[in-house]
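Here is work_37.csv, consisting of CSV, C-alpha atoms:
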chain,number,residue,atom,x,y,z
A,1,MET,CA,89.1,132.7,119.0
A,2,PHE,CA,88.3,134.7,115.8
A,3,GLY,CA,90.3,134.0,112.7
A,4,ALA,CA,92.0,136.7,110.7
A,5,THR,CA,90.3,137.9,107.5
A,6,ALA,CA,92.2,138.3,104.3
A,7,GLY,CA,90.9,140.3,101.4
A,8,ALA,CA,89.4,143.4,103.0
A,9,LYS,CA,90.6,146.5,101.2
A,10,PRO,CA,90.3,150.2,101.9
A,11,ALA,CA,87.8,152.4,100.1
A,12,PRO,CA,88.4,152.6,96.3
A,13,ALA,CA,90.1,155.5,94.8
A,14,HIS,CA,87.0,157.2,93.5
A,15,CYS,CA,85.7,157.6,97.1
A,16,TYR,CA,89.1,158.6,98.7
A,17,PRO,CA,89.6,160.2,101.2
A,18,ARG,CA,85.9,159.9,102.3
A,19,LEU,CA,83.7,156.9,102.8
A,20,CYS,CA,81.7,155.9,99.7
A,21,SER,CA,78.2,157.4,99.6
A,22,GLY,CA,75.5,154.8,100.2
A,23,ALA,CA,75.5,151.5,102.0
A,24,ASP,CA,78.8,149.7,102.3
A,25,ALA,CA,79.1,146.3,103.8
A,26,HIS,CA,82.5,145.6,105.3
A,27,LEU,CA,83.6,142.1,106.3
A,28,ASN,CA,85.2,142.2,109.7
A,29,GLY,CA,86.0,138.6,110.3
A,30,ILE,CA,85.2,134.9,110.3
A,31,GLY,CA,85.1,133.4,113.7
A,32,LEU,CA,85.4,129.7,114.7
A,33,GLN,CA,84.0,128.7,118.0
A,34,THR,CA,86.2,125.6,118.5
A,35,GLN,CA,89.6,124.6,117.4
A,36,PRO,CA,90.7,122.0,116.5
A,37,MET,CA,87.7,120.8,114.5
A,38,TYR,CA,87.0,117.2,113.7
A,39,ALA,CA,85.6,115.7,110.5
A,40,GLY,CA,82.0,114.6,110.8
A,41,PHE,CA,81.0,117.0,113.7
A,42,THR,CA,79.0,120.2,113.5
A,43,TYR,CA,80.4,123.6,114.6
A,44,ASP,CA,79.2,127.1,114.8
A,45,VAL,CA,80.8,129.8,112.6
A,46,ARG,CA,80.3,133.5,113.0
A,47,VAL,CA,80.7,135.9,110.1
A,48,SER,CA,80.8,139.5,111.3
A,49,GLY,CA,80.7,142.8,109.5
A,50,GLN,CA,79.7,146.4,109.6
A,51,ASN,CA,77.7,148.8,107.4
A,52,ILE,CA,80.3,151.5,107.2
A,53,GLY,CA,78.3,153.4,104.6
A,54,ASN,CA,75.9,156.3,105.4
A,55,VAL,CA,72.7,154.6,104.3
A,56,ALA,CA,70.7,151.8,106.1
A,57,SER,CA,70.4,148.7,104.1
A,58,ARG,CA,69.8,145.0,104.0
A,59,ILE,CA,73.0,143.0,104.0
A,60,ASN,CA,73.3,139.6,102.4
A,61,THR,CA,76.0,137.4,103.6
A,62,GLY,CA,77.1,133.9,102.4
A,63,LEU,CA,79.6,131.4,103.6
A,64,ARG,CA,81.2,128.7,101.4
A,65,THR,CA,83.8,126.0,102.0
A,66,ASN,CA,85.8,123.4,100.0
A,67,ASP,CA,85.1,120.7,102.5
A,68,GLY,CA,81.8,119.7,104.0
A,69,SER,CA,78.4,121.5,104.3
A,70,ILE,CA,77.3,124.8,105.6
A,71,SER,CA,73.8,125.8,106.6
A,72,PRO,CA,72.2,128.1,105.9
A,73,GLY,CA,74.0,129.1,102.7
A,74,ASN,CA,73.0,132.8,102.9
A,75,GLN,CA,71.5,135.0,105.5
A,76,THR,CA,70.2,138.5,105.6
A,77,VAL,CA,70.3,141.3,108.3
A,78,PHE,CA,69.2,144.9,108.3
A,79,ALA,CA,72.0,147.3,109.4
A,80,ARG,CA,71.8,151.0,110.0
A,81,PRO,CA,74.7,153.3,109.2
A,82,ASN,CA,77.8,152.3,111.2
A,83,GLN,CA,76.0,149.3,112.8
A,84,SER,CA,77.9,146.1,113.2
A,85,TYR,CA,76.2,142.8,112.5
A,86,ALA,CA,76.9,139.1,112.8
A,87,GLU,CA,75.5,136.0,111.1
A,88,PHE,CA,75.8,132.5,112.4
A,89,TYR,CA,76.2,129.3,110.4
A,90,ARG,CA,76.6,125.6,111.1
A,91,TYR,CA,79.6,124.0,109.5
A,92,LYS,CA,80.1,120.3,109.2
A,93,PRO,CA,83.5,119.3,107.7
A,94,THR,CA,83.7,116.0,105.9
A,95,PHE,CA,87.4,115.2,105.5
A,96,ALA,CA,90.5,115.7,107.6
A,97,GLU,CA,92.4,118.3,105.6
A,98,VAL,CA,93.0,122.0,105.5
A,99,ALA,CA,89.5,123.5,105.0
A,100,THR,CA,89.0,127.0,103.7
A,101,LEU,CA,85.9,129.0,104.7
A,102,SER,CA,85.1,131.9,102.4
A,103,ALA,CA,82.6,134.6,103.2
A,104,CYS,CA,81.2,137.5,101.3
A,105,THR,CA,78.9,140.2,102.5
A,106,ASN,CA,77.0,142.6,100.3
A,107,ALA,CA,74.6,145.5,100.9
A,108,VAL,CA,71.5,145.1,98.7
A,109,PRO,CA,70.3,146.3,96.4
A,110,ARG,CA,73.5,148.4,96.1
A,111,ASP,CA,76.9,148.1,97.8
A,112,SER,CA,79.0,151.2,97.1
A,113,ASN,CA,82.4,149.5,97.6
A,114,HIS,CA,82.9,145.9,96.6
A,115,GLY,CA,86.6,145.9,97.6
A,116,ASN,CA,85.9,145.1,101.3
A,117,ASN,CA,83.1,142.5,100.9
A,118,CYS,CA,85.0,139.2,101.0
A,119,GLY,CA,87.5,137.2,103.0
A,120,HIS,CA,88.5,133.7,104.0
A,121,ILE,CA,90.3,131.7,106.6
A,122,SER,CA,91.9,128.3,106.5
A,123,THR,CA,91.8,125.8,109.4
A,124,ARG,CA,93.0,122.2,109.8
A,125,ILE,CA,90.3,119.6,110.1
A,126,LYS,CA,91.4,116.5,112.0
A,127,ASN,CA,90.1,112.9,112.3
A,128,VAL,CA,88.7,112.0,115.7
A,129,PRO,CA,91.5,110.3,117.7
A,130,ARG,CA,90.8,106.6,118.2
A,131,PHE,CA,91.7,105.0,121.5
B,1,MET,CA,65.6,155.1,42.5
B,2,LEU,CA,66.3,158.0,44.7
B,3,THR,CA,62.8,159.3,44.6
B,4,GLY,CA,61.6,155.7,45.3
B,5,GLY,CA,64.1,155.3,48.1
B,6,ARG,CA,63.3,158.4,50.1
B,7,PRO,CA,60.0,157.2,51.7
B,8,GLY,CA,61.9,154.0,52.7
B,9,VAL,CA,64.7,156.0,54.3
B,10,VAL,CA,62.2,158.2,56.1
B,11,ALA,CA,60.3,155.1,57.3
B,12,THR,CA,63.5,153.5,58.5
B,13,VAL,CA,64.5,156.6,60.4
B,14,ALA,CA,61.1,156.9,61.9
B,15,ALA,CA,61.2,153.2,62.9
B,16,VAL,CA,64.6,153.6,64.6
B,17,LEU,CA,63.4,156.7,66.5
B,18,LEU,CA,60.3,154.8,67.6
B,19,LEU,CA,62.3,151.8,68.7
B,20,GLY,CA,64.7,154.1,70.6
B,21,ALA,CA,61.8,155.8,72.3
B,22,CYS,CA,60.3,152.4,73.3
B,23,HIS,CA,63.6,151.2,74.5
B,24,ALA,CA,64.0,154.3,76.7
B,25,ALA,CA,60.5,153.8,78.0
B,26,VAL,CA,61.3,150.1,78.9
B,27,LYS,CA,64.6,151.1,80.4
B,28,SER,CA,63.1,153.7,82.6
B,29,GLN,CA,60.8,151.0,84.0
B,30,VAL,CA,63.6,148.8,85.2
B,31,VAL,CA,65.7,151.4,86.9
B,32,GLU,CA,65.7,150.6,90.6
B,33,PRO,CA,64.2,153.4,92.8
B,34,PRO,CA,66.6,154.8,95.4
B,35,LEU,CA,66.3,153.5,98.9
B,36,ASN,CA,63.6,155.4,100.8
B,37,PRO,CA,64.5,156.0,104.4
B,38,ASP,CA,60.8,156.4,105.2
B,39,GLN,CA,60.1,152.8,104.5
B,40,PHE,CA,62.3,151.8,107.4
B,41,GLN,CA,60.3,153.8,109.9
B,42,ALA,CA,57.9,151.0,110.8
B,43,PRO,CA,55.9,151.5,113.9
B,44,ALA,CA,56.6,149.3,117.0
B,45,PHE,CA,55.0,145.9,117.3
B,46,THR,CA,54.7,145.6,113.5
B,47,THR,CA,54.6,141.9,112.5
B,48,GLY,CA,54.6,140.1,109.2
B,49,PRO,CA,55.9,137.2,107.2
B,50,GLY,CA,59.5,136.3,106.6
B,51,VAL,CA,62.3,138.5,105.3
B,52,ASN,CA,61.8,137.9,101.7
B,53,ASN,CA,58.2,139.2,101.5
B,54,LYS,CA,58.2,142.6,103.1
B,55,PRO,CA,60.2,145.7,104.0
B,56,PRO,CA,62.5,145.4,107.0
B,57,VAL,CA,61.2,146.2,110.4
B,58,ASP,CA,63.6,148.6,112.0
B,59,VAL,CA,62.3,150.0,115.2
B,60,LEU,CA,65.6,150.1,117.0
B,61,THR,CA,65.8,153.5,118.6
B,62,GLY,CA,68.9,155.2,120.1
B,63,SER,CA,72.5,154.6,119.5
B,64,VAL,CA,73.7,151.5,117.5
B,65,ALA,CA,77.0,151.6,119.4
B,66,ASN,CA,77.6,148.1,120.9
B,67,VAL,CA,74.3,146.9,119.4
B,68,GLU,CA,74.8,144.2,116.8
B,69,ALA,CA,72.2,143.0,114.3
B,70,ILE,CA,72.3,139.2,114.3
B,71,ALA,CA,71.0,136.5,112.0
B,72,PHE,CA,71.1,133.0,113.3
B,73,PRO,CA,69.4,129.6,112.8
B,74,ALA,CA,66.9,128.2,115.3
B,75,SER,CA,67.8,124.8,116.6
B,76,ASP,CA,65.8,123.3,113.8
B,77,GLY,CA,67.4,125.6,111.2
B,78,THR,CA,64.8,128.3,110.7
B,79,HIS,CA,66.3,131.7,109.9
B,80,LEU,CA,65.8,134.2,112.8
B,81,PHE,CA,66.7,137.8,113.3
B,82,GLY,CA,67.6,139.7,116.5
B,83,TYR,CA,69.8,142.1,118.2
B,84,LEU,CA,72.8,141.5,120.5
B,85,PHE,CA,73.0,144.4,123.0
B,86,GLY,CA,76.5,144.6,124.5
B,87,ALA,CA,78.4,143.0,121.6
B,88,ASP,CA,81.9,143.8,122.7
B,89,GLY,CA,82.6,140.1,123.5
B,90,LYS,CA,83.8,140.9,127.0
B,91,ARG,CA,80.7,139.9,129.0
B,92,SER,CA,80.3,136.6,130.8
B,93,LYS,CA,76.7,137.1,132.0
B,94,GLY,CA,73.7,137.6,129.8
B,95,ALA,CA,70.0,137.6,129.3
B,96,ILE,CA,67.6,136.5,126.5
B,97,LEU,CA,64.3,138.5,126.2
B,98,VAL,CA,61.4,136.8,124.4
B,99,HIS,CA,58.3,138.7,123.2
B,100,SER,CA,54.7,137.8,123.4
B,101,SER,CA,52.4,136.5,120.6
B,102,GLY,CA,51.0,140.0,119.9
B,103,SER,CA,54.2,141.9,119.6
B,104,ASN,CA,57.8,141.6,118.4
B,105,MET,CA,61.3,142.1,120.0
B,106,ALA,CA,60.9,145.9,120.0
B,107,MET,CA,58.9,145.6,123.2
B,108,TRP,CA,62.2,144.7,125.0
B,109,TYR,CA,64.6,147.3,123.7
B,110,PRO,CA,64.3,149.6,126.8
B,111,VAL,CA,65.0,146.7,129.2
B,112,ALA,CA,67.8,145.4,127.0
B,113,ARG,CA,69.5,148.8,127.1
B,114,ARG,CA,69.3,148.9,130.9
B,115,LEU,CA,70.8,145.5,131.2
B,116,MET,CA,73.5,146.3,128.7
B,117,ALA,CA,74.4,149.3,130.8
B,118,GLN,CA,74.8,147.0,133.8
B,119,GLY,CA,77.3,144.8,132.0
B,120,TYR,CA,75.1,142.1,130.5
B,121,ALA,CA,75.1,140.8,126.9
B,122,VAL,CA,71.4,140.7,126.0
B,123,ILE,CA,69.7,139.1,123.0
B,124,THR,CA,66.3,140.2,121.8
B,125,LEU,CA,64.9,138.0,119.0
B,126,ASP,CA,61.9,137.9,116.7
B,127,LEU,CA,60.3,134.5,117.0
B,128,ARG,CA,59.6,132.7,113.7
B,129,GLY,CA,57.0,134.5,111.7
B,130,TYR,CA,57.4,137.7,113.6
B,131,GLY,CA,59.3,140.8,112.7
B,132,ASP,CA,62.1,140.0,110.3
B,133,SER,CA,62.3,136.3,111.1
B,134,ALA,CA,61.3,133.7,108.5
B,135,GLY,CA,58.7,131.1,108.4
B,136,PRO,CA,55.0,130.9,109.6
B,137,ARG,CA,54.1,131.7,113.1
B,138,GLN,CA,54.5,128.6,115.1
B,139,PRO,CA,54.1,128.9,118.9
B,140,ALA,CA,54.8,125.2,119.4
B,141,ALA,CA,58.4,125.8,118.0
B,142,ALA,CA,59.1,128.9,120.0
B,143,SER,CA,61.5,127.2,122.4
B,144,SER,CA,63.6,126.1,119.4
B,145,ASP,CA,64.0,129.7,118.5
B,146,VAL,CA,65.2,130.5,122.0
B,147,LEU,CA,67.6,127.7,121.9
B,148,GLY,CA,69.1,129.2,118.7
B,149,ALA,CA,69.6,132.5,120.6
B,150,ILE,CA,71.3,130.6,123.5
B,151,SER,CA,73.9,129.2,121.0
B,152,VAL,CA,74.6,132.8,119.9
B,153,LEU,CA,75.0,133.9,123.5
B,154,GLY,CA,77.4,131.0,124.1
B,155,PHE,CA,79.5,132.0,121.1
B,156,SER,CA,79.8,135.5,122.5
B,157,GLY,CA,81.5,134.2,125.6
B,158,VAL,CA,78.6,134.3,128.0
B,159,GLN,CA,78.7,131.6,130.7
B,160,ARG,CA,75.6,132.3,132.8
B,161,PHE,CA,72.3,133.9,131.7
B,162,GLY,CA,68.7,134.3,132.4
B,163,VAL,CA,65.7,133.9,130.0
B,164,ILE,CA,62.8,136.2,130.4
B,165,GLY,CA,59.5,136.1,128.4
B,166,VAL,CA,56.1,137.6,128.2
B,167,GLU,CA,53.0,135.4,127.5
B,168,LEU,CA,54.1,133.0,124.7
B,169,GLY,CA,57.7,134.1,125.3
B,170,GLY,CA,57.4,133.1,129.0
B,171,THR,CA,56.3,129.6,128.2
B,172,ALA,CA,59.1,129.3,125.6
B,173,ALA,CA,61.6,130.7,128.1
B,174,VAL,CA,60.8,128.1,130.7
B,175,GLN,CA,61.2,125.2,128.2
B,176,ALA,CA,64.5,126.5,126.8
B,177,ALA,CA,65.9,127.4,130.2
B,178,PHE,CA,65.2,123.8,131.3
B,179,ASP,CA,66.8,122.4,128.2
B,180,ARG,CA,70.0,124.4,128.8
B,181,GLU,CA,69.9,124.4,132.6
B,182,ASP,CA,73.7,124.0,132.7
B,183,HIS,CA,74.0,127.7,131.8
B,184,ALA,CA,70.5,129.1,132.2
B,185,VAL,CA,70.5,130.0,135.9
B,186,ALA,CA,67.3,132.1,136.0
B,187,VAL,CA,64.0,132.3,134.2
B,188,GLY,CA,61.3,135.0,134.3
B,189,VAL,CA,57.7,134.7,133.2
B,190,ILE,CA,55.3,137.7,132.8
B,191,ASP,CA,51.6,137.2,132.0
B,192,SER,CA,52.3,133.6,131.0
B,193,GLN,CA,50.7,130.2,131.3
B,194,PRO,CA,52.5,126.8,131.4
B,195,SER,CA,50.8,125.8,128.1
B,196,PHE,CA,50.3,128.0,125.1
B,197,GLN,CA,48.9,126.9,121.7
B,198,GLY,CA,50.8,123.6,121.5
B,199,LEU,CA,53.8,124.5,123.5
B,200,ASP,CA,53.6,122.8,126.9
B,201,ALA,CA,56.3,123.8,129.5
B,202,SER,CA,54.6,122.3,132.5
B,203,ALA,CA,57.1,119.4,133.0
B,204,ALA,CA,60.0,121.7,132.4
B,205,ALA,CA,58.7,124.2,135.0
B,206,ARG,CA,58.4,121.4,137.6
B,207,ALA,CA,61.9,120.1,136.9
B,208,TYR,CA,63.7,123.5,136.5
B,209,LYS,CA,66.0,124.1,139.5
B,210,GLY,CA,67.2,127.6,138.8
B,211,ARG,CA,65.8,130.9,140.2
B,212,SER,CA,62.6,132.2,138.8
B,213,LEU,CA,60.5,135.4,138.7
B,214,VAL,CA,56.8,135.0,138.3
B,215,ILE,CA,54.8,138.1,137.4
B,216,SER,CA,51.0,137.8,137.0
B,217,SER,CA,51.4,134.2,135.9
B,218,SER,CA,49.3,132.2,138.3
B,219,GLY,CA,49.7,128.9,136.4
B,220,PHE,CA,53.4,128.9,137.0
B,221,GLU,CA,53.2,129.7,140.7
B,222,SER,CA,52.5,126.1,141.7
B,223,LEU,CA,55.2,124.7,139.3
B,224,LEU,CA,58.3,126.8,139.5
B,225,ARG,CA,60.4,126.6,142.6
B,226,ASN,CA,63.0,129.0,144.0
B,227,ARG,CA,60.7,131.8,142.8
B,228,THR,CA,59.8,135.3,143.5
B,229,ASP,CA,56.0,135.9,143.0
B,230,ASN,CA,54.7,139.2,141.9
B,231,THR,CA,51.0,139.9,141.3
B,232,MET,CA,51.4,143.4,139.8
B,233,ASP,CA,48.8,144.2,137.2
B,234,VAL,CA,50.5,144.1,133.8
B,235,SER,CA,47.5,143.8,131.7
B,236,SER,CA,46.4,147.4,131.5
B,237,THR,CA,49.8,148.9,130.7
B,238,ALA,CA,52.8,148.0,128.7
B,239,VAL,CA,54.0,144.8,130.3
B,240,VAL,CA,57.7,145.6,130.4
B,241,SER,CA,57.7,149.2,131.4
B,242,GLY,CA,57.6,150.9,134.8
B,243,SER,CA,57.6,148.6,137.8
B,244,ALA,CA,57.6,145.4,135.8
B,245,ALA,CA,60.8,146.5,134.0
B,246,ASP,CA,62.4,147.4,137.4
B,247,ALA,CA,61.5,144.0,138.8
B,248,ILE,CA,63.0,142.2,135.7
B,249,VAL,CA,66.2,144.2,135.8
B,250,SER,CA,66.5,143.7,139.5
B,251,PHE,CA,65.8,140.0,139.3
B,252,VAL,CA,68.3,139.4,136.5
B,253,ASP,CA,71.0,141.4,138.3
B,254,GLY,CA,70.3,139.5,141.5
B,255,SER,CA,70.3,136.0,139.9
B,256,VAL,CA,72.9,136.0,137.1
B,257,ARG,CA,76.2,136.7,138.7

Mind turning this structure into structure tokens?
Amino acid sequence: MFGATAGAKPAPAHCYPRLCSGADAHLNGIGLQTQPMYAGFTYDVRVSGQNIGNVASRINTGLRTNDGSISPGNQTVFARPNQSYAEFYRYKPTFAEVATLSACTNAVPRDSNHGNNCGHISTRIKNVPRF
Amino acid sequence: MLTGGRPGVVATVAAVLLLGACHAAVKSQVVEPPLNPDQFQAPAFTTGPGVNNKPPVDVLTGSVANVEAIAFPASDGTHLFGYLFGADGKRSKGAILVHSSGSNMAMWYPVARRLMAQGYAVITLDLRGYGDSAGPRQPAAASSDVLGAISVLGFSGVQRFGVIGVELGGTAAVQAAFDREDHAVAVGVIDSQPSFQGLDASAAARAYKGRSLVISSSGFESLLRNRTDNTMDVSSTAVVSGSAADAIVSFVDGSVR
């Protein structure tokens, strides 16, 4: 049900072997409710993450695509240390092609590790079958 | 030349030092202050405008394990905030708890934790204009907010759920439960009336076929069927503590299977 996430990296060398000090938004995954998806229809997309830092923070998350529209473009949650979070978007693909959904999540005003903020998945968009 | 140049050099050095001092002063003004944990200790039932205009309302107490902060759009796109209790994705039954016009979702945390412990996925949400949710307060649109939460619950794998609300939340709960009667098998109203500031759930209450719990809501007693009436006095104490909380947990557990 949930797509794999590429791009998440471990803590940078300057923090190793401990977690970075401060808020640290970590992208866990991008989930699609329905597959296959058809061009011209609206679907829910879930972007999940976790504040793996040691400071409570606001977290800004955005979702982008190369095909179609996403609303809202960005959302904000407030996450305490070690708390997971999820943000829900509506995605309407336009064309039948392989669409890529890219998400980035950032603690604001500071994110102590930018290496684990972003990821993407690709999914095939189909035309509605005609009978 | 040398004697004539010295005052110029001194003036130049002085000007550079002065500029440096000014620059340092300006720079010190734009340095961001560190996050102050105290600002997150807002009291319960704090309300305010949308997320961009105020500090966050964080009144969640206890462990954050299995409690997920969620941001989601209402059915009309308004940005809402809430918590999903029991966020392991393994729960097929759930509940949505809707607050009253004078509070925010924090009023439901104890009940949400009890239901989570009994195997339910539970959403508490701030209606628009309350807590961390965006937009102006708009009671007439409260059922749109609940419908947004229902979409989130569906995404989490929940098949059957109940919607419980206090006052404004109760009216919105009845309307939203009727709109999604295919999955909303139970509705509970506490201290509510069928109509509240532009939101009228009278027709929905008459037509709703699921089970219902009616606590101190005389207006709903003649409308909802399959109901359990309860006239306990919830006006003098916290409406969802004590015997009212027991009744709600028992009702959800008996209705959403």

Residues of chain A that approach chain B to 6 Å or less, counting only C-alpha atoms: could you list each one with the shortest pair of atoms and its distance in Å to one decimal, rows by chain and increasing residue number, as a tab-separated table?
residue	atom	partner	partner_atom	distance
A:Gln83	CA	B:Val64	CA	5.7
A:Ser84	CA	B:Glu68	CA	5.1
A:Tyr85	CA	B:Ala69	CA	4.4
A:Ala86	CA	B:Ile70	CA	4.8
A:Glu87	CA	B:Ala71	CA	4.6
A:Phe88	CA	B:Phe72	CA	4.8

- Figure out the distance between CA of Phe196 (chain B) and CA of Asp253 (chain B), please, to one decimal in Å. 28.0 Å

- Task: Determine, counting only C-alpha atoms, which protein, DNA and RNA residues have an atom within 6 Å of an atom of Ala25 (chain A); residues of the same chain fewer than 3 positions away are not included. Present the result as a list in words.
- Result: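 Result of the neighbour search: Gln50, Asn51, Asn106 and Ala107 of chain A.
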
If you keep C-alpha atoms, can you produce a file of those selected residues as a tab-separated table (two decimals), in the coordinates of the input?
chain	number	residue	atom	x	y	z
A	50	GLN	CA	79.70	146.40	109.60
A	51	ASN	CA	77.70	148.80	107.40
A	106	ASN	CA	77.00	142.60	100.30
A	107	ALA	CA	74.60	145.50	100.90

- Query: Neighbours of region 165-182 of chain B within 7 Å (all atoms listed in the file; same-chain residues fewer than 6 positions away dropped), as a PyMOL selection string?
  - Reply: chain B and resi 97-101+142-143+146-147+188-196+201+204-205+208

Dump C-alpha atoms for the selected residues as a PDB file, in the coordinates of the input?
ATOM      1  CA  LEU B  97      64.300 138.500 126.200  1.00  0.00           C
ATOM      2  CA  VAL B  98      61.400 136.800 124.400  1.00  0.00           C
ATOM      3  CA  HIS B  99      58.300 138.700 123.200  1.00  0.00           C
ATOM      4  CA  SER B 100      54.700 137.800 123.400  1.00  0.00           C
ATOM      5  CA  SER B 101      52.400 136.500 120.600  1.00  0.00           C
ATOM      6  CA  ALA B 142      59.100 128.900 120.000  1.00  0.00           C
ATOM      7  CA  SER B 143      61.500 127.200 122.400  1.00  0.00           C
ATOM      8  CA  VAL B 146      65.200 130.500 122.000  1.00  0.00           C
ATOM      9  CA  LEU B 147      67.600 127.700 121.900  1.00  0.00           C
ATOM     10  CA  GLY B 188      61.300 135.000 134.300  1.00  0.00           C
ATOM     11  CA  VAL B 189      57.700 134.700 133.200  1.00  0.00           C
ATOM     12  CA  ILE B 190      55.300 137.700 132.800  1.00  0.00           C
ATOM     13  CA  ASP B 191      51.600 137.200 132.000  1.00  0.00           C
ATOM     14  CA  SER B 192      52.300 133.600 131.000  1.00  0.00           C
ATOM     15  CA  GLN B 193      50.700 130.200 131.300  1.00  0.00           C
ATOM     16  CA  PRO B 194      52.500 126.800 131.400  1.00  0.00           C
ATOM     17  CA  SER B 195      50.800 125.800 128.100  1.00  0.00           C
ATOM     18  CA  PHE B 196      50.300 128.000 125.100  1.00  0.00           C
ATOM     19  CA  ALA B 201      56.300 123.800 129.500  1.00  0.00           C
ATOM     20  CA  ALA B 204      60.000 121.700 132.400  1.00  0.00           C
ATOM     21  CA  ALA B 205      58.700 124.200 135.000  1.00  0.00           C
ATOM     22  CA  TYR B 208      63.700 123.500 136.500  1.00  0.00           C
TER      23      TYR B 208
END

- Item | Separation of CA of Val185 (chain B) from CA of Val234 (chain B), in Å and rounded to one decimal |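 Spanning CA of Val185 (chain B) to CA of Val234 (chain B) is a straight-line distance of 24.6 Å.
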